[in-house]
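Structure file coords38.txt; described as compact mmCIF, C-alpha atoms.
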```txt
# COMPACT_ATOMS: atom_id res chain seq x y z
CA GLY O 1 50.89 -8.77 36.21
CA GLY O 2 51.51 -9.91 32.67
CA GLN O 3 48.92 -11.56 30.43
CA GLY O 4 45.55 -12.67 31.81
CA ASP O 5 43.35 -11.47 34.66
CA ASP O 6 45.44 -10.70 37.75
CA ILE O 7 44.43 -10.11 41.38
CA PHE O 8 46.88 -8.30 43.66
CA ILE O 9 46.03 -8.90 47.34
CA TYR O 10 46.90 -6.20 49.88
CA VAL O 11 46.27 -6.85 53.59
CA ASP O 12 45.77 -3.95 56.01
CA GLY O 13 49.21 -3.17 57.44
CA ASP O 14 51.28 -4.50 54.50
CA GLY O 15 53.01 -1.11 54.03
CA SER O 16 53.63 0.61 50.70
CA ASP O 17 53.71 -1.23 47.38
CA THR O 18 53.56 -0.79 43.59
CA VAL O 19 51.24 -2.77 41.28
CA TYR O 20 51.67 -3.13 37.51
CA GLY O 21 48.56 -4.74 36.03
CA GLY O 22 49.80 -5.10 32.47
CA GLY O 23 48.08 -4.17 29.24
CA GLY O 24 45.65 -6.06 27.08
CA SER O 25 41.94 -6.72 27.35
CA TRP O 26 42.16 -8.45 30.75
CA VAL O 27 40.79 -7.18 34.07
CA ASP O 28 43.49 -6.55 36.67
CA SER O 29 42.26 -6.05 40.24
CA ILE O 30 43.58 -4.91 43.60
CA SER O 31 41.89 -6.67 46.52
CA LEU O 32 42.12 -4.76 49.81
CA GLU O 33 41.73 -7.32 52.61
CA GLY O 34 40.67 -6.33 56.14
CA PHE O 35 38.69 -3.22 55.19
CA ALA O 36 34.96 -2.65 55.82
CA PRO O 37 32.61 -2.26 52.82
CA ASN O 38 32.12 1.44 53.61
CA SER O 39 35.81 2.15 54.32
CA ASN O 40 36.52 4.04 51.06
CA GLY O 41 37.01 7.68 52.03
CA SER O 42 37.66 6.97 55.70
CA ASP O 43 40.36 4.25 55.97
CA TRP O 44 41.75 4.86 52.47
CA THR O 45 41.33 7.06 49.39
CA VAL O 46 42.05 6.76 45.65
CA GLU O 47 43.57 9.46 43.47
CA LEU O 48 43.76 8.72 39.73
CA ASP O 49 46.60 10.00 37.54
CA SER O 50 44.94 8.62 34.41
CA GLY O 51 41.61 7.03 33.62
CA SER O 52 38.33 7.40 35.48
CA ILE O 53 36.01 5.70 37.96
CA ASP O 54 33.29 4.08 35.84
CA SER O 55 31.18 2.87 38.78
CA GLN O 56 31.36 2.28 42.51
CA ASP O 57 29.30 0.53 45.18
CA ASP O 58 30.01 -1.01 48.58
CA GLY O 59 33.03 -3.21 48.10
CA GLU O 60 33.91 -2.55 44.47
CA MET O 61 35.24 0.28 42.28
CA ILE O 62 35.34 -0.25 38.51
CA LEU O 63 37.97 1.82 36.71
CA SER O 64 38.39 2.59 33.02
CA ASP O 65 40.81 0.42 31.04
CA GLY O 66 44.42 0.96 32.05
CA ALA O 67 43.75 3.36 34.94
CA SER O 68 46.71 4.50 37.05
CA GLY O 69 46.93 6.26 40.39
CA THR O 70 47.55 5.93 44.11
CA ILE O 71 45.65 4.39 47.00
CA GLU O 72 46.57 6.13 50.26
CA PHE O 73 45.81 4.54 53.63
CA GLU O 74 45.18 6.35 56.92
CA ASP O 75 48.57 5.17 58.26
CA GLY O 76 50.34 6.98 55.38
CA SER O 77 51.25 3.88 53.37
CA THR O 78 50.40 3.83 49.65
CA ILE O 79 49.86 1.58 46.66
CA ASP O 80 50.94 3.14 43.38
CA PHE O 81 49.15 1.29 40.59
CA PHE O 82 49.35 1.17 36.80
CA ASP O 83 47.00 -0.51 34.28
CA VAL O 84 44.42 -1.61 36.89
CA GLU O 85 40.69 -1.86 36.13
CA GLU O 86 39.15 -2.80 39.50
CA ILE O 87 39.62 -2.22 43.23
CA ARG O 88 37.76 -4.49 45.67
CA TRP O 89 37.49 -4.36 49.43
```

This entry written out as structure tokens:
Amino acid sequence: GGQGDDIFIYVDGDGSDTVYGGGGSWVDSISLEGFAPNSNGSDWTVELDSGSIDSQDDGEMILSDGASGTIEFEDGSTIDFFDVEEIRW
């Protein structure tokens, strides 16, 4: 991602990928396109390797600074992510 706020767009069916948000005081986000607001836990799940979930509501998950982990989709594909602060869907 590099410097500045970055948005990484993932469309349902894109397959597996890796996202590096980059350090600094910016907010790096993963946007999951094609998923319903209540799809977390049914169409996909998040497992954190570092950091924490600070808050969550329909369509948005706020992570602690520099969180890393994996999003796994029901078809078995994954997004491994590093230094990401937000997941939207």

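Distance-wise, atom CA of Val19 of chain O and atom CA of Glu85 of chain O end up 11.8 Å apart.
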
Problem - Selection: 7 Å around segment 43-47 of chain O, only C-alpha atoms, excl. self and same-chain fewer than 5 positions, as JSON, numbers by chain - result: {"O": [69, 70, 71, 72, 73, 74]}

Completion exercise
Nearest to Glu33 of chain O, restricted to only C-alpha atoms and choosing among O:Ile79, O:Val11, O:Ile62, O:Ile87, comes out as O:Val11

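Shortest separation to Pro37 of chain O among O:Ser55, O:Met61, O:Trp89, O:Tyr20 occurs at residue O:Trp89, atoms counted being only C-alpha atoms.
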
Exercise for the section: Mind checking which residues fall within 8 Å of Val84 of chain O, counting only C-alpha atoms, ignoring those fewer than 5 positions away in the same chain, and posting them as an NGL selection string? Expected result: :O and (20-22 or 27-30 or 63 or 65-68)

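We find atom CA of Asn40 of chain O and atom CA of Glu86 of chain O to be spaced 13.7 Å apart.
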
Please enclose the listed atoms of segment 78-83 of chain O in an axis-aligned box, pad each side by 6 Å, and write out the centre and the three edge lengths in Å, rounded to one decimal, as lines of an AutoDock Vina configuration file.
```
center_x = 49.0
center_y = 1.7
center_z = 42.0
size_x = 15.9
size_y = 16.3
size_z = 27.4
```

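Minimum distance to Ser25 of chain O across O:Gly13, O:Gly4, O:Gly41, O:Gly59 (counting all atoms listed in the file) occurs at O:Gly4.
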
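Our summary of the geometry notes that atom CA of Gln3 of chain O is positioned 7.4 Å from atom CA of Trp26 of chain O.
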
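Near Thr18 of chain O, within 9 Å and counting all atoms listed in the file, sit O:Thr78, O:Ile79, O:Asp80, O:Phe81, O:Phe82; same-chain residues fewer than 5 positions away were not included.
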
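Among the candidates O:Ser50, O:Ser77, O:Gln56, O:Ser39, the one nearest to Tyr10 of chain O when counting only C-alpha atoms is O:Ser77.
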
Missing atoms of segment 20-40 of chain O rebuilt to N, CA, C and O atoms, written as a PDB file, in the coordinates of the input:
```pdb
ATOM      1  N   TYR O  20      51.717  -3.286  38.958  1.00  0.00           N
ATOM      2  CA  TYR O  20      51.670  -3.130  37.510  1.00  0.00           C
ATOM      3  C   TYR O  20      50.731  -4.198  36.963  1.00  0.00           C
ATOM      4  O   TYR O  20      51.080  -5.377  36.951  1.00  0.00           O
ATOM      5  N   GLY O  21      49.555  -3.780  36.503  1.00  0.00           N
ATOM      6  CA  GLY O  21      48.560  -4.740  36.030  1.00  0.00           C
ATOM      7  C   GLY O  21      48.895  -5.347  34.686  1.00  0.00           C
ATOM      8  O   GLY O  21      48.573  -6.491  34.418  1.00  0.00           O
ATOM      9  N   GLY O  22      49.521  -4.604  33.811  1.00  0.00           N
ATOM     10  CA  GLY O  22      49.800  -5.100  32.470  1.00  0.00           C
ATOM     11  C   GLY O  22      48.706  -4.672  31.509  1.00  0.00           C
ATOM     12  O   GLY O  22      47.585  -4.385  31.901  1.00  0.00           O
ATOM     13  N   GLY O  23      49.026  -4.613  30.254  1.00  0.00           N
ATOM     14  CA  GLY O  23      48.080  -4.170  29.240  1.00  0.00           C
ATOM     15  C   GLY O  23      47.189  -5.297  28.763  1.00  0.00           C
ATOM     16  O   GLY O  23      47.110  -6.357  29.367  1.00  0.00           O
ATOM     17  N   GLY O  24      46.527  -5.055  27.669  1.00  0.00           N
ATOM     18  CA  GLY O  24      45.650  -6.060  27.080  1.00  0.00           C
ATOM     19  C   GLY O  24      44.214  -5.868  27.479  1.00  0.00           C
ATOM     20  O   GLY O  24      43.843  -4.888  28.119  1.00  0.00           O
ATOM     21  N   SER O  25      43.379  -6.820  27.107  1.00  0.00           N
ATOM     22  CA  SER O  25      41.940  -6.720  27.350  1.00  0.00           C
ATOM     23  C   SER O  25      41.518  -7.458  28.628  1.00  0.00           C
ATOM     24  O   SER O  25      40.350  -7.774  28.802  1.00  0.00           O
ATOM     25  N   TRP O  26      42.456  -7.737  29.525  1.00  0.00           N
ATOM     26  CA  TRP O  26      42.160  -8.450  30.750  1.00  0.00           C
ATOM     27  C   TRP O  26      41.781  -7.484  31.855  1.00  0.00           C
ATOM     28  O   TRP O  26      42.087  -6.293  31.795  1.00  0.00           O
ATOM     29  N   VAL O  27      41.156  -7.999  32.906  1.00  0.00           N
ATOM     30  CA  VAL O  27      40.790  -7.180  34.070  1.00  0.00           C
ATOM     31  C   VAL O  27      41.786  -7.472  35.188  1.00  0.00           C
ATOM     32  O   VAL O  27      41.879  -8.602  35.666  1.00  0.00           O
ATOM     33  N   ASP O  28      42.526  -6.439  35.577  1.00  0.00           N
ATOM     34  CA  ASP O  28      43.490  -6.550  36.670  1.00  0.00           C
ATOM     35  C   ASP O  28      42.906  -5.848  37.886  1.00  0.00           C
ATOM     36  O   ASP O  28      42.418  -4.715  37.790  1.00  0.00           O
ATOM     37  N   SER O  29      42.929  -6.534  39.039  1.00  0.00           N
ATOM     38  CA  SER O  29      42.260  -6.050  40.240  1.00  0.00           C
ATOM     39  C   SER O  29      43.210  -5.961  41.414  1.00  0.00           C
ATOM     40  O   SER O  29      44.137  -6.756  41.538  1.00  0.00           O
ATOM     41  N   ILE O  30      42.932  -4.986  42.298  1.00  0.00           N
ATOM     42  CA  ILE O  30      43.580  -4.910  43.600  1.00  0.00           C
ATOM     43  C   ILE O  30      42.516  -5.268  44.619  1.00  0.00           C
ATOM     44  O   ILE O  30      41.430  -4.671  44.637  1.00  0.00           O
ATOM     45  N   SER O  31      42.807  -6.249  45.460  1.00  0.00           N
ATOM     46  CA  SER O  31      41.890  -6.670  46.520  1.00  0.00           C
ATOM     47  C   SER O  31      42.440  -6.201  47.857  1.00  0.00           C
ATOM     48  O   SER O  31      43.513  -6.635  48.275  1.00  0.00           O
ATOM     49  N   LEU O  32      41.710  -5.295  48.510  1.00  0.00           N
ATOM     50  CA  LEU O  32      42.120  -4.760  49.810  1.00  0.00           C
ATOM     51  C   LEU O  32      41.464  -5.597  50.899  1.00  0.00           C
ATOM     52  O   LEU O  32      40.246  -5.528  51.091  1.00  0.00           O
ATOM     53  N   GLU O  33      42.243  -6.406  51.582  1.00  0.00           N
ATOM     54  CA  GLU O  33      41.730  -7.320  52.610  1.00  0.00           C
ATOM     55  C   GLU O  33      41.771  -6.665  53.987  1.00  0.00           C
ATOM     56  O   GLU O  33      42.726  -5.979  54.327  1.00  0.00           O
ATOM     57  N   GLY O  34      40.713  -6.853  54.776  1.00  0.00           N
ATOM     58  CA  GLY O  34      40.670  -6.330  56.140  1.00  0.00           C
ATOM     59  C   GLY O  34      40.046  -4.949  56.235  1.00  0.00           C
ATOM     60  O   GLY O  34      40.186  -4.280  57.259  1.00  0.00           O
ATOM     61  N   PHE O  35      39.342  -4.522  55.190  1.00  0.00           N
ATOM     62  CA  PHE O  35      38.690  -3.220  55.190  1.00  0.00           C
ATOM     63  C   PHE O  35      37.177  -3.401  55.098  1.00  0.00           C
ATOM     64  O   PHE O  35      36.692  -4.266  54.374  1.00  0.00           O
ATOM     65  N   ALA O  36      36.422  -2.580  55.820  1.00  0.00           N
ATOM     66  CA  ALA O  36      34.960  -2.650  55.820  1.00  0.00           C
ATOM     67  C   ALA O  36      34.410  -2.188  54.470  1.00  0.00           C
ATOM     68  O   ALA O  36      35.051  -1.406  53.771  1.00  0.00           O
ATOM     69  N   PRO O  37      33.203  -2.657  54.097  1.00  0.00           N
ATOM     70  CA  PRO O  37      32.610  -2.260  52.820  1.00  0.00           C
ATOM     71  C   PRO O  37      32.471  -0.746  52.636  1.00  0.00           C
ATOM     72  O   PRO O  37      32.534  -0.250  51.525  1.00  0.00           O
ATOM     73  N   ASN O  38      32.290  -0.007  53.719  1.00  0.00           N
ATOM     74  CA  ASN O  38      32.120   1.440  53.610  1.00  0.00           C
ATOM     75  C   ASN O  38      33.398   2.204  53.964  1.00  0.00           C
ATOM     76  O   ASN O  38      33.345   3.379  54.290  1.00  0.00           O
ATOM     77  N   SER O  39      34.550   1.549  53.875  1.00  0.00           N
ATOM     78  CA  SER O  39      35.810   2.150  54.320  1.00  0.00           C
ATOM     79  C   SER O  39      36.418   3.132  53.321  1.00  0.00           C
ATOM     80  O   SER O  39      37.279   3.919  53.679  1.00  0.00           O
ATOM     81  N   ASN O  40      35.986   3.105  52.047  1.00  0.00           N
ATOM     82  CA  ASN O  40      36.520   4.040  51.060  1.00  0.00           C
ATOM     83  C   ASN O  40      36.178   5.467  51.488  1.00  0.00           C
ATOM     84  O   ASN O  40      35.032   5.801  51.727  1.00  0.00           O
TER      85      ASN O  40
END
```
